[in-house]
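Coordinates as given in entry_21.cif (mmCIF, C-alpha atoms):
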data_entry
loop_
_atom_site.label_atom_id
_atom_site.label_comp_id
_atom_site.auth_asym_id
_atom_site.auth_seq_id
_atom_site.Cartn_x
_atom_site.Cartn_y
_atom_site.Cartn_z
CA MET A 247 -0.13 -26.81 5.86
CA ASN A 248 -3.24 -27.42 7.92
CA ALA A 249 -6.59 -25.71 8.10
CA ASN A 250 -5.83 -24.20 11.50
CA SER A 251 -2.83 -22.25 10.27
CA ILE A 252 -4.84 -21.06 7.26
CA ARG A 253 -7.68 -20.06 9.59
CA ASP A 254 -5.28 -18.11 11.82
CA PHE A 255 -3.79 -16.33 8.82
CA LEU A 256 -7.23 -15.40 7.48
CA LYS A 257 -8.35 -14.20 10.90
CA GLU A 258 -5.31 -11.95 11.16
CA THR A 259 -5.99 -10.62 7.67
CA ILE A 260 -9.66 -9.88 8.28
CA LEU A 261 -9.05 -8.35 11.68
CA GLU A 262 -6.87 -5.77 9.93
CA LEU A 263 -9.74 -5.02 7.56
CA LYS A 264 -12.76 -4.96 9.83
CA ASP A 265 -13.49 -3.82 13.36
CA ILE A 266 -14.85 -7.06 14.77
CA ASP A 267 -13.96 -9.32 17.68
CA GLU A 268 -11.88 -12.36 16.92
CA ASP A 269 -14.52 -14.50 18.64
CA GLN A 270 -17.00 -13.52 15.95
CA LEU A 271 -14.81 -15.01 13.23
CA THR A 272 -16.28 -18.49 13.21
CA ASP A 273 -16.38 -20.78 10.20
CA GLU A 274 -20.11 -20.15 9.93
CA LEU A 275 -19.81 -16.37 9.67
CA THR A 276 -20.95 -15.33 6.21
CA MET A 277 -19.06 -12.96 3.96
CA ALA A 278 -22.25 -10.90 3.81
CA GLU A 279 -22.19 -10.53 7.59
CA LEU A 280 -18.58 -9.42 7.38
CA ALA A 281 -19.71 -6.67 5.00
CA LEU A 282 -16.47 -6.71 3.07
CA GLU A 283 -15.99 -4.02 0.48
CA SER A 284 -14.28 -4.38 -2.86
CA LEU A 285 -10.92 -3.18 -1.52
CA ASP A 286 -11.18 -5.73 1.29
CA TYR A 287 -11.48 -8.52 -1.27
CA VAL A 288 -8.48 -7.12 -3.10
CA GLU A 289 -6.40 -7.12 0.09
CA ILE A 290 -7.41 -10.71 0.88
CA GLN A 291 -6.58 -11.69 -2.67
CA VAL A 292 -3.14 -10.07 -2.53
CA LEU A 293 -2.21 -11.52 0.87
CA VAL A 294 -3.43 -15.04 0.08
CA ASN A 295 -1.58 -14.93 -3.21
CA LYS A 296 1.59 -13.80 -1.48
CA ARG A 297 1.34 -16.35 1.34
CA TYR A 298 0.01 -19.42 -0.50
CA GLY A 299 0.68 -18.66 -4.16
CA LEU A 300 -3.03 -19.02 -4.82
CA LEU A 301 -5.34 -16.62 -6.58
CA VAL A 302 -8.76 -16.49 -4.97
CA ASN A 303 -10.83 -15.13 -7.83
CA THR A 304 -13.09 -12.38 -6.50
CA GLU A 305 -15.89 -13.85 -8.60
CA LEU A 306 -16.03 -16.72 -6.09
CA PHE A 307 -17.10 -14.26 -3.43
CA LEU A 308 -19.49 -12.33 -5.62
CA THR A 309 -21.25 -15.45 -6.90
CA GLY A 310 -21.57 -16.92 -3.40
CA LYS A 311 -19.40 -19.95 -4.07
CA LEU A 312 -17.33 -18.86 -1.10
CA SER A 313 -20.09 -17.64 1.15
CA THR A 314 -18.67 -18.23 4.64
CA PHE A 315 -15.36 -17.75 6.40
CA GLY A 316 -15.09 -21.54 6.64
CA ASP A 317 -15.60 -21.87 2.87
CA VAL A 318 -12.56 -19.67 2.25
CA VAL A 319 -10.44 -21.67 4.70
CA ALA A 320 -11.51 -24.93 3.04
CA TYR A 321 -10.88 -23.56 -0.44
CA ILE A 322 -7.31 -22.56 0.38
CA ALA A 323 -6.68 -25.83 2.27
CA ALA A 324 -7.93 -27.90 -0.68
CA HIS A 325 -5.62 -26.07 -3.05
CA GLN A 326 -2.71 -26.51 -0.72
CA VAL A 327 -3.35 -30.26 -0.55
CA ALA A 328 -3.55 -30.41 -4.34
CA LYS A 329 -0.34 -28.45 -4.62
CA GLU A 330 1.47 -30.73 -2.18
CA GLU A 331 0.26 -33.81 -4.07
CA GLU A 332 1.52 -32.33 -7.31
CA THR A 333 4.97 -31.75 -5.90
CA ALA A 334 5.13 -35.14 -4.10
CA MET B 122 -1.20 18.25 10.62
CA SER B 123 -3.16 21.36 11.36
CA ALA B 124 -3.88 20.82 15.00
CA ALA B 125 -3.08 18.17 17.54
CA ASP B 126 -5.92 17.48 19.89
CA ALA B 127 -4.72 15.18 22.56
CA GLY B 128 -2.20 12.53 23.29
CA SER B 129 -1.79 10.54 26.41
CA GLY B 130 -0.50 7.07 27.07
CA ALA B 131 -1.25 4.56 24.38
CA GLU B 132 -4.26 6.43 22.99
CA ALA B 133 -3.90 9.60 20.96
CA SER B 134 -5.80 11.62 18.45
CA ALA B 135 -5.26 14.52 16.11
CA ARG B 136 -7.07 16.40 13.41
CA LEU B 137 -5.67 16.55 9.89
CA ARG B 138 -6.63 19.01 7.20
CA PHE B 139 -4.95 19.60 3.85
CA GLY B 140 -5.72 22.55 1.62
CA LEU B 141 -4.44 23.63 -1.75
CA THR B 142 -1.21 25.03 -0.27
CA GLU B 143 -0.28 21.69 1.27
CA VAL B 144 -1.26 19.79 -1.87
CA GLU B 145 0.84 22.09 -4.05
CA ARG B 146 3.82 21.66 -1.75
CA TRP B 147 3.55 17.86 -1.98
CA ALA B 148 3.18 18.04 -5.76
CA CYS B 149 6.31 20.18 -5.94
CA PHE B 150 8.24 17.70 -3.80
CA SER B 151 6.96 14.48 -5.36
CA GLY B 152 6.42 15.62 -8.94
CA ASP B 153 2.83 14.37 -8.84
CA TYR B 154 0.85 17.10 -10.59
CA ASN B 155 -2.05 14.87 -11.54
CA PRO B 156 -5.04 17.09 -12.33
CA ILE B 157 -7.30 15.18 -9.95
CA HIS B 158 -5.48 17.05 -7.20
CA PHE B 159 -6.04 20.44 -8.82
CA ASP B 160 -8.88 20.21 -11.36
CA ARG B 161 -12.35 19.65 -9.96
CA ALA B 162 -13.71 18.36 -13.26
CA GLN B 163 -10.98 15.71 -13.43
CA ALA B 164 -11.65 14.69 -9.85
CA ARG B 165 -15.37 14.30 -10.62
CA ARG B 166 -14.50 12.19 -13.63
CA VAL B 167 -13.00 9.59 -11.32
CA GLY B 168 -15.94 9.67 -8.95
CA ALA B 169 -14.69 12.12 -6.35
CA ASP B 170 -16.90 14.99 -5.22
CA ALA B 171 -13.97 17.30 -4.67
CA LEU B 172 -10.27 17.75 -5.30
CA ILE B 173 -8.26 14.93 -3.78
CA VAL B 174 -5.35 15.07 -1.36
CA HIS B 175 -2.30 12.97 -2.28
CA GLY B 176 -2.43 9.79 -0.21
CA MET B 177 1.27 10.01 0.64
CA LEU B 178 0.87 13.57 1.89
CA ALA B 179 -1.78 12.48 4.38
CA LEU B 180 0.28 9.42 5.30
CA LEU B 181 3.23 11.64 6.14
CA SER B 182 1.20 13.12 8.99
CA VAL B 183 -0.02 9.69 10.05
CA LYS B 184 3.54 8.36 10.16
CA SER B 185 4.73 11.33 12.19
CA HIS B 186 1.86 10.77 14.59
CA VAL B 187 2.48 7.06 15.18
CA ALA B 188 6.26 7.45 15.29
CA THR B 189 5.96 9.45 18.50
CA GLN B 190 4.92 6.22 20.21
CA SER B 191 7.78 3.89 21.05
CA LEU B 192 7.32 0.28 20.04
CA GLU B 193 7.61 -2.44 22.63
CA GLY B 194 9.28 -5.77 22.07
CA PRO B 195 12.72 -7.15 21.29
CA THR B 196 12.25 -7.56 17.54
CA ASP B 197 14.67 -5.80 15.21
CA TRP B 198 12.14 -4.65 12.61
CA ALA B 199 9.03 -2.48 12.56
CA ARG B 200 6.23 -2.27 10.05
CA PHE B 201 3.95 0.61 9.19
CA LYS B 202 1.07 -0.50 7.00
CA ALA B 203 -1.85 1.61 5.81
CA LEU B 204 -4.87 0.66 3.75
CA LEU B 205 -6.08 3.66 1.77
CA ARG B 206 -9.82 3.12 1.59
CA THR B 207 -11.19 6.41 0.31
CA PRO B 208 -9.51 9.52 -1.12
CA ILE B 209 -9.45 12.51 1.23
CA PRO B 210 -10.98 15.67 -0.27
CA HIS B 211 -9.18 19.02 0.02
CA ALA B 212 -9.93 21.10 3.10
CA THR B 213 -11.70 18.26 4.87
CA THR B 214 -11.06 17.98 8.56
CA THR B 215 -10.30 14.39 9.39
CA SER B 216 -9.80 12.65 12.68
CA LEU B 217 -6.67 10.56 13.23
CA ARG B 218 -6.90 8.13 16.13
CA SER B 219 -4.39 5.62 17.37
CA TRP B 220 -4.49 3.14 20.18
CA ALA B 221 -2.46 0.27 21.58
CA ALA B 222 -2.54 -3.05 19.73
CA VAL B 223 -0.49 -6.22 19.97
CA GLY B 224 3.12 -5.22 19.25
CA GLY B 225 2.35 -1.56 18.67
CA LEU B 226 -0.49 0.65 17.49
CA GLN B 227 -3.58 0.63 15.34
CA PHE B 228 -4.73 3.80 13.66
CA ARG B 229 -7.67 5.17 11.71
CA VAL B 230 -8.19 8.33 9.70
CA GLU B 231 -11.88 9.11 9.48
CA GLU B 232 -14.25 11.89 8.60
CA ASP B 233 -14.46 14.14 11.61
CA CYS B 234 -18.10 13.51 12.42
CA ALA B 235 -20.17 10.75 13.96
CA GLY B 236 -20.51 7.84 11.55
CA GLY B 237 -18.19 9.54 9.06
CA ARG B 238 -16.41 7.66 6.33
CA GLU B 239 -13.15 5.87 6.89
CA TYR B 240 -10.22 7.12 4.85
CA PHE B 241 -7.24 5.12 6.11
CA ARG B 242 -6.70 2.30 8.55
CA GLY B 243 -3.58 0.47 9.57
CA ARG B 244 -1.01 -0.58 12.12
CA TYR B 245 2.45 0.38 13.28
CA VAL B 246 4.02 -2.63 14.98
CA ALA B 247 7.29 -4.34 15.88
CA ILE B 248 7.84 -7.44 13.78
CA ASP B 249 10.33 -10.20 13.20
CA ALA B 250 12.58 -9.74 10.18
CA PRO B 251 10.37 -10.14 7.12
CA PRO B 252 11.34 -12.37 4.20
CA ILE B 253 13.43 -10.23 1.86
CA HIS B 254 12.34 -10.73 -1.73
CA GLU B 255 15.32 -11.10 -3.99
CA GLY B 256 13.31 -10.95 -7.19
CA GLU B 257 14.56 -9.51 -10.44
CA SER B 258 14.99 -5.77 -10.38
CA LEU B 259 13.46 -3.53 -13.03
CA ALA B 260 15.58 -0.64 -11.89
CA ARG B 261 18.14 0.27 -9.23
CA THR B 262 18.56 3.85 -8.13
CA GLU B 263 21.02 5.54 -5.80
CA LEU B 264 19.50 8.37 -3.83
CA SER B 265 21.43 11.62 -3.60
CA ALA B 266 21.82 13.88 -0.59
CA GLY B 267 20.04 16.56 -2.62
CA GLN B 268 16.86 14.49 -2.71
CA PHE B 269 16.78 14.39 1.08
CA ASP B 270 17.49 18.12 1.19
CA GLN B 271 14.42 18.70 -0.98
CA PHE B 272 12.32 16.89 1.58
CA TYR B 273 13.78 18.86 4.48
CA ARG B 274 13.25 22.15 2.66
CA ALA B 275 9.58 21.27 2.15
CA TYR B 276 8.79 19.57 5.45
CA GLY B 277 11.51 20.37 7.93
CA GLN B 278 13.55 18.06 10.13
CA ASP B 279 10.86 16.91 12.53
CA HIS B 280 9.87 13.66 10.86
CA ALA B 281 10.91 10.12 11.72
CA THR B 282 13.91 9.09 9.65
CA TRP B 283 12.18 6.00 8.25
CA SER B 284 9.30 8.19 7.13
CA VAL B 285 11.67 10.62 5.41
CA LEU B 286 13.33 7.81 3.49
CA ASP B 287 9.94 6.38 2.53
CA CYS B 288 8.91 9.77 1.11
CA VAL B 289 12.17 10.31 -0.76
CA VAL B 290 11.97 6.85 -2.38
CA PHE B 291 8.33 7.41 -3.28
CA ALA B 292 9.05 10.80 -4.84
CA ASP B 293 11.89 9.35 -6.89
CA PHE B 294 9.60 6.51 -7.96
CA MET B 295 6.90 8.98 -9.04
CA ARG B 296 9.36 11.13 -10.96
CA THR B 297 11.41 8.45 -12.65
CA LYS B 298 9.77 5.01 -12.54
CA VAL B 299 6.07 5.37 -13.34
CA ALA B 300 6.57 5.32 -17.11
CA MET B 301 8.77 2.23 -16.77
CA LEU B 302 6.12 0.47 -14.70
CA GLN B 303 3.43 1.35 -17.24
CA ALA B 304 5.63 -0.06 -19.99
CA TYR B 305 6.03 -3.23 -17.97
CA LEU B 306 2.29 -3.59 -17.43
CA GLN B 307 1.25 -2.56 -20.93
CA PRO B 308 1.60 -6.04 -22.52
CA GLN B 309 -0.81 -7.43 -19.95
CA VAL B 310 -3.55 -5.19 -21.25
CA LYS B 311 -5.10 -6.09 -24.57
CA ARG B 312 -5.77 -2.68 -26.00
CA VAL B 313 -2.74 -0.50 -26.48
CA SER B 314 -4.60 2.56 -25.28
CA ASP B 315 -6.00 0.95 -22.16
CA LEU B 316 -3.31 2.13 -19.76
CA GLY B 317 -3.85 5.64 -21.02
CA ASP B 318 -7.51 5.28 -20.12
CA SER B 319 -6.78 3.89 -16.71
CA LEU B 320 -6.62 5.37 -13.27
CA THR B 321 -3.95 4.14 -10.90
CA VAL B 322 -5.08 4.10 -7.29
CA HIS B 323 -2.71 3.69 -4.38
CA VAL B 324 -4.64 1.25 -2.18
CA SER B 325 -2.05 0.12 0.34
CA HIS B 326 1.31 1.25 1.59
CA SER B 327 3.67 -0.76 3.76
CA VAL B 328 7.10 0.15 5.13
CA CYS B 329 9.17 -2.45 6.98
CA PHE B 330 12.45 -1.23 8.39
CA VAL B 331 15.31 -2.15 10.70
CA ARG B 332 14.57 -0.15 13.82
CA ASP B 333 18.18 0.54 14.78
CA ASP B 334 19.00 1.84 11.29
CA PHE B 335 16.61 4.74 11.71
CA ALA B 336 17.41 5.86 15.19
CA ALA B 337 20.09 8.25 13.94
CA ASP B 338 19.72 11.97 13.28
CA ASN B 339 17.74 12.96 10.18
CA ALA B 340 20.54 15.16 8.96
CA HIS B 341 22.76 12.19 8.11
CA LEU B 342 20.29 10.26 5.97
CA GLY B 343 21.49 11.76 2.72
CA GLU B 344 25.07 10.69 3.41
CA ARG B 345 24.32 7.03 4.04
CA GLY B 346 24.29 5.93 0.41
CA PHE B 347 20.78 4.56 0.20
CA ALA B 348 19.79 2.81 -3.02
CA TYR B 349 16.53 1.12 -3.89
CA ASP B 350 15.32 -1.45 -6.37
CA VAL B 351 11.96 -1.67 -8.06
CA LEU B 352 11.37 -5.40 -8.19
CA VAL B 353 9.29 -7.07 -10.88
CA PRO B 354 5.77 -6.73 -9.46
CA GLU B 355 3.20 -9.35 -8.65
CA VAL B 356 0.28 -8.70 -10.98
CA ILE B 357 -3.26 -9.96 -10.54
CA ASN B 358 -5.64 -9.44 -13.40
CA ASN B 359 -9.22 -9.03 -12.18
CA HIS B 360 -10.99 -8.36 -15.48
CA ASP B 361 -12.03 -4.77 -14.78
CA HIS B 362 -8.92 -3.79 -12.89
CA LEU B 363 -5.34 -4.84 -12.44
CA ILE B 364 -3.69 -5.25 -9.05
CA CYS B 365 0.01 -4.49 -8.99
CA ASN B 366 1.94 -5.26 -5.83
CA LEU B 367 5.29 -3.59 -5.98
CA ASN B 368 8.22 -4.33 -3.66
CA MET B 369 11.03 -1.84 -3.31
CA PRO B 370 13.88 -2.95 -1.02
CA VAL B 371 16.11 -0.11 0.13
CA ARG B 372 19.75 -0.93 0.80
CA THR B 373 22.65 0.74 2.44
CA GLN B 374 26.13 -0.60 3.13
CA GLY B 375 25.33 -3.84 1.35
CA ARG B 376 22.25 -4.87 3.26
CA THR B 377 18.52 -4.30 3.17
CA SER B 378 17.46 -1.74 5.67
CA MET B 379 13.88 -1.09 4.52
CA VAL B 380 11.28 -2.68 2.28
CA ILE B 381 8.55 -0.48 0.82
CA GLU B 382 5.53 -2.20 -0.66
CA LEU B 383 3.05 -0.33 -2.81
CA GLY B 384 -0.37 -1.78 -3.55
CA LEU B 385 -1.64 -0.22 -6.77
CA MET B 386 -4.96 -0.77 -8.51
CA LEU B 387 -5.26 0.18 -12.17
CA LYS B 388 -8.94 0.78 -12.84
CA HIS B 389 -11.20 1.53 -15.78
CA PHE B 390 -9.88 -0.97 -18.25
CA VAL B 391 -12.05 -1.51 -21.26
CA GLU B 392 -10.89 -5.05 -21.79
CA VAL B 393 -8.06 -7.09 -20.40
CA GLU B 394 -6.46 -10.44 -21.02
CA PRO B 395 -8.61 -13.22 -19.60
CA ALA B 396 -5.79 -14.94 -17.71
CA SER B 397 -6.68 -14.86 -14.05
CA LEU B 398 -3.17 -14.42 -12.75
CA LEU B 399 -0.32 -13.21 -14.81
CA ARG B 400 3.11 -14.06 -13.54
CA THR B 401 5.24 -12.69 -16.28
CA ARG B 402 8.47 -12.27 -14.41
CA ALA B 403 10.70 -13.98 -16.91
CA ALA B 404 9.24 -12.61 -20.11
CA ALA B 405 8.88 -9.01 -19.14
CA ALA B 406 11.89 -8.76 -16.91
CA SER B 407 14.13 -9.89 -19.71
CA THR B 408 13.08 -6.95 -21.86
CA PRO B 409 11.64 -4.39 -19.48
CA HIS B 410 12.30 -1.44 -21.76
CA ALA B 411 11.40 -3.04 -25.06
CA PHE B 412 7.89 -1.64 -25.20
CA PRO B 413 7.09 1.78 -26.54
CA PRO B 414 6.24 4.28 -23.82
CA PRO B 415 2.49 4.27 -23.22
CA PRO B 416 0.45 7.45 -23.04
CA PRO B 417 0.50 8.95 -19.54
CA ALA B 418 -1.97 7.31 -17.22
CA LYS B 419 -3.82 9.10 -14.48
CA THR B 420 -2.33 8.42 -11.10
CA LEU B 421 -4.17 8.82 -7.86
CA LEU B 422 -1.43 8.54 -5.30
#
As structure tokens, the full file:
Amino acid sequence: MNANSIRDFLKETILELKDIDEDQLTDELTMAELALESLDYVEIQVLVNKRYGLLVNTELFLTGKLSTFGDVVAYIAAHQVAKEEETA
Amino acid sequence: MSAADAGSGAEASARLRFGLTEVERWACFSGDYNPIHFDRAQARRVGADALIVHGMLALLSVKSHVATQSLEGPTDWARFKALLRTPIPHATTTSLRSWAAVGGLQFRVEEDCAGGREYFRGRYVAIDAPPIHEGESLARTELSAGQFDQFYRAYGQDHATWSVLDCVVFADFMRTKVAMLQAYLQPQVKRVSDLGDSLTVHVSHSVCFVRDDFAADNAHLGERGFAYDVLVPEVINNHDHLICNLNMPVRTQGRTSMVIELGLMLKHFVEVEPASLLRTRAAAASTPHAFPPPPPAKTLL
């Protein structure tokens, strides 16, 4: 599982939620700029959970711990690495 | 659908409007007589300014609209997925737009004015065969020909077959499975009365189906021996609300022909268990009916 596949998955997810160009979805784009609403966070949470078996607590978004698109990619990637190490 | 506006090529639009007559007809078909659809005071209590149209009633028109467009591509399956962002008030004229997207169509249902609110958004696309969840089933139900006849009596024969089956499964779920689901979820809520104080909101609806299985005439659906399972749901506990993702595979002749996925949000909890993610498949699935029936919850579907 690499960051690029996670990035592609997240892009696909967000493009279903928001009317933005794919080119705008850079790692530096902030969640505030994305203007996600509460139901958007729920959808991201459900799809990430289904795909990666990982709960992204919505508090992480609200408290700014995951403030950019790249932060979310890195967060999921780090948990995937930890998961792979556990099972190795 | 009250009036179709235009439709040409890959882009199409229509106006949708649902009044009390349409809402009553859906309630009669689906068994969903929640007062938020009929009682203005109840609707206000959940934050709506007006009486609310059943989400599945509005989606029926959306599905009929997108199903008129043929999907490109060699894949065997198709997926209709809608995100239900805001409840649609009674007698509100909404604009339904669809346009070409990779593998199919995108659609939006919005307030019919410039800068109006978005009600639904989603896609109707050809897909590769999705992974079929073989999780533990809470209930298995065989659908009768009479249930399809009820749909046809209410809505006629002019709907896509996959959409008809989706509606019939949903209506059976509403009539016979909601109390079971509440009983399943009840142990994940601390206070016994919490589910009774909650509001269940239908936030997403997905239908994946084998395209060839639904090319046949509507009239034969009831004779094809469809049965569906309600699988043990994925539950995410978000402190002030619970997310319940429910998979319902629909089978005929020994194989899965459709998978319906309901995204439900149970809101207005007073207090819930602190666990961030509750995966209680084993515990609850082993005794799904062991809990006393909870008081009826409000359902906004």
Please, which residues of chain B lie no more than 12 Å from chain A when the count uses only C-alpha atoms, and can they be set out as an mmCIF file with C-alpha atoms, in the coordinates of the input?
data_model
loop_
_atom_site.group_PDB
_atom_site.id
_atom_site.type_symbol
_atom_site.label_atom_id
_atom_site.label_comp_id
_atom_site.auth_asym_id
_atom_site.auth_seq_id
_atom_site.Cartn_x
_atom_site.Cartn_y
_atom_site.Cartn_z
ATOM 1 C CA LYS B 202 1.070 -0.500 7.000
ATOM 2 C CA ALA B 203 -1.850 1.610 5.810
ATOM 3 C CA LEU B 204 -4.870 0.660 3.750
ATOM 4 C CA LEU B 205 -6.080 3.660 1.770
ATOM 5 C CA ARG B 206 -9.820 3.120 1.590
ATOM 6 C CA THR B 207 -11.190 6.410 0.310
ATOM 7 C CA ALA B 222 -2.540 -3.050 19.730
ATOM 8 C CA VAL B 223 -0.490 -6.220 19.970
ATOM 9 C CA LEU B 226 -0.490 0.650 17.490
ATOM 10 C CA GLN B 227 -3.580 0.630 15.340
ATOM 11 C CA PHE B 228 -4.730 3.800 13.660
ATOM 12 C CA ARG B 229 -7.670 5.170 11.710
ATOM 13 C CA GLU B 239 -13.150 5.870 6.890
ATOM 14 C CA PHE B 241 -7.240 5.120 6.110
ATOM 15 C CA ARG B 242 -6.700 2.300 8.550
ATOM 16 C CA GLY B 243 -3.580 0.470 9.570
ATOM 17 C CA ARG B 244 -1.010 -0.580 12.120
ATOM 18 C CA TYR B 245 2.450 0.380 13.280
ATOM 19 C CA PRO B 252 11.340 -12.370 4.200
ATOM 20 C CA HIS B 254 12.340 -10.730 -1.730
ATOM 21 C CA VAL B 322 -5.080 4.100 -7.290
ATOM 22 C CA HIS B 323 -2.710 3.690 -4.380
ATOM 23 C CA VAL B 324 -4.640 1.250 -2.180
ATOM 24 C CA SER B 325 -2.050 0.120 0.340
ATOM 25 C CA HIS B 326 1.310 1.250 1.590
ATOM 26 C CA PRO B 354 5.770 -6.730 -9.460
ATOM 27 C CA GLU B 355 3.200 -9.350 -8.650
ATOM 28 C CA VAL B 356 0.280 -8.700 -10.980
ATOM 29 C CA ILE B 357 -3.260 -9.960 -10.540
ATOM 30 C CA ASN B 358 -5.640 -9.440 -13.400
ATOM 31 C CA ASN B 359 -9.220 -9.030 -12.180
ATOM 32 C CA HIS B 360 -10.990 -8.360 -15.480
ATOM 33 C CA ASP B 361 -12.030 -4.770 -14.780
ATOM 34 C CA HIS B 362 -8.920 -3.790 -12.890
ATOM 35 C CA LEU B 363 -5.340 -4.840 -12.440
ATOM 36 C CA ILE B 364 -3.690 -5.250 -9.050
ATOM 37 C CA CYS B 365 0.010 -4.490 -8.990
ATOM 38 C CA ASN B 366 1.940 -5.260 -5.830
ATOM 39 C CA LEU B 367 5.290 -3.590 -5.980
ATOM 40 C CA ASN B 368 8.220 -4.330 -3.660
ATOM 41 C CA GLU B 382 5.530 -2.200 -0.660
ATOM 42 C CA LEU B 383 3.050 -0.330 -2.810
ATOM 43 C CA GLY B 384 -0.370 -1.780 -3.550
ATOM 44 C CA LEU B 385 -1.640 -0.220 -6.770
ATOM 45 C CA MET B 386 -4.960 -0.770 -8.510
ATOM 46 C CA ALA B 396 -5.790 -14.940 -17.710
ATOM 47 C CA SER B 397 -6.680 -14.860 -14.050
ATOM 48 C CA LEU B 398 -3.170 -14.420 -12.750
ATOM 49 C CA LEU B 399 -0.320 -13.210 -14.810
ATOM 50 C CA ARG B 400 3.110 -14.060 -13.540
#
Next item on the list: List the residues sitting within 9 Å of (-5.6, -22.3, -1.1) in the file's frame, using all atoms listed in the file, as a ChimeraX atom specification.
Entry: /A:252,294-295,298-302,318-329
Notebook entry, point to check: Which is closer to Thr189 in chain B than all the others in B:Asp279, B:Glu263, B:Asp153, B:Asp170, using all atoms listed in the file?
Noted result: B:Asp279
Item checked: Target residues per the PyMOL selection byres ((chain A and resi 270) around 12), formatted as an MDAnalysis selection string -> chainID A and resid 257 260:261 264:269 271:276 279:280 315
Next item on the list: For the structure shown, which residues end up in the PyMOL selection byres ((chain B and resi 257) around 6)? Put them as an MDAnalysis selection string, please?
Entry: chainID B and resid 256 258 352:353
Margin query: Could you list, as a count of residues only, every residue matched by the PyMOL selection byres ((chain B and resi 160) around 12) in this structure?
Written below: 21
Note to self: Quick check, in Å to one decimal: how far apart do CA of Ser219 in chain B and CA of Gln190 in chain B lie?
What the structure shows: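 These atoms are spaced 9.8 Å apart.
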Margin query: Can you measure CA of Phe330 in chain B to CA of Lys184 in chain B for me? One decimal in Å is fine.
Written below: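 A separation of 13.2 Å between them.
Here CA of Thr321 in chain B is placed at a distance of 6.3 Å from CA of Lys388 in chain B.
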Next item on the list: Identify which of the residues B:Met369, B:Leu306, B:Ala212, B:Val144 lies closest to Thr262 in chain B, counting only C-alpha atoms when measuring atom-to-atom distances.
Entry: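 Between B:Met369, B:Leu306, B:Ala212, B:Val144, the residue approaching Thr262 in chain B most closely is B:Met369.
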Please report, as lines of an AutoDock Vina configuration file, the centre and edge lengths in Å to one decimal of an axis-aligned box covering all listed atoms of range 194-212 of chain B with 8 Å per side.
center_x = 1.7
center_y = 6.8
center_z = 10.5
size_x = 41.9
size_y = 44.7
size_z = 39.2
Check: Closest to Arg218 in chain B among B:Ala336, B:Leu302, B:Ala133, B:Leu180, using all atoms listed in the file?
Finding: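 For Arg218 in chain B, the nearest of the candidates is B:Ala133.
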Taking (-5.6, 12.9, 7.8) in the file's own coordinates, collect the residues within 10 Å, counting only C-alpha atoms, and hand them back as a PDB file with C-alpha atoms, in the coordinates of the input.
ATOM      1  CA  MET B 122      -1.200  18.250  10.620  1.00  0.00           C
ATOM      2  CA  SER B 123      -3.160  21.360  11.360  1.00  0.00           C
ATOM      3  CA  ALA B 135      -5.260  14.520  16.110  1.00  0.00           C
ATOM      4  CA  ARG B 136      -7.070  16.400  13.410  1.00  0.00           C
ATOM      5  CA  LEU B 137      -5.670  16.550   9.890  1.00  0.00           C
ATOM      6  CA  ARG B 138      -6.630  19.010   7.200  1.00  0.00           C
ATOM      7  CA  PHE B 139      -4.950  19.600   3.850  1.00  0.00           C
ATOM      8  CA  VAL B 174      -5.350  15.070  -1.360  1.00  0.00           C
ATOM      9  CA  GLY B 176      -2.430   9.790  -0.210  1.00  0.00           C
ATOM     10  CA  LEU B 178       0.870  13.570   1.890  1.00  0.00           C
ATOM     11  CA  ALA B 179      -1.780  12.480   4.380  1.00  0.00           C
ATOM     12  CA  LEU B 180       0.280   9.420   5.300  1.00  0.00           C
ATOM     13  CA  LEU B 181       3.230  11.640   6.140  1.00  0.00           C
ATOM     14  CA  SER B 182       1.200  13.120   8.990  1.00  0.00           C
ATOM     15  CA  VAL B 183      -0.020   9.690  10.050  1.00  0.00           C
ATOM     16  CA  ILE B 209      -9.450  12.510   1.230  1.00  0.00           C
ATOM     17  CA  THR B 213     -11.700  18.260   4.870  1.00  0.00           C
ATOM     18  CA  THR B 214     -11.060  17.980   8.560  1.00  0.00           C
ATOM     19  CA  THR B 215     -10.300  14.390   9.390  1.00  0.00           C
ATOM     20  CA  SER B 216      -9.800  12.650  12.680  1.00  0.00           C
ATOM     21  CA  LEU B 217      -6.670  10.560  13.230  1.00  0.00           C
ATOM     22  CA  ARG B 218      -6.900   8.130  16.130  1.00  0.00           C
ATOM     23  CA  ARG B 229      -7.670   5.170  11.710  1.00  0.00           C
ATOM     24  CA  VAL B 230      -8.190   8.330   9.700  1.00  0.00           C
ATOM     25  CA  GLU B 231     -11.880   9.110   9.480  1.00  0.00           C
ATOM     26  CA  GLU B 232     -14.250  11.890   8.600  1.00  0.00           C
ATOM     27  CA  ASP B 233     -14.460  14.140  11.610  1.00  0.00           C
ATOM     28  CA  TYR B 240     -10.220   7.120   4.850  1.00  0.00           C
ATOM     29  CA  PHE B 241      -7.240   5.120   6.110  1.00  0.00           C
TER      30      PHE B 241
END
Checklist line | Given all atoms listed in the file as the counted atoms, nearest of B:His341, B:His280, B:Arg296, B:His186 to Phe150 in chain B | finding: B:Arg296
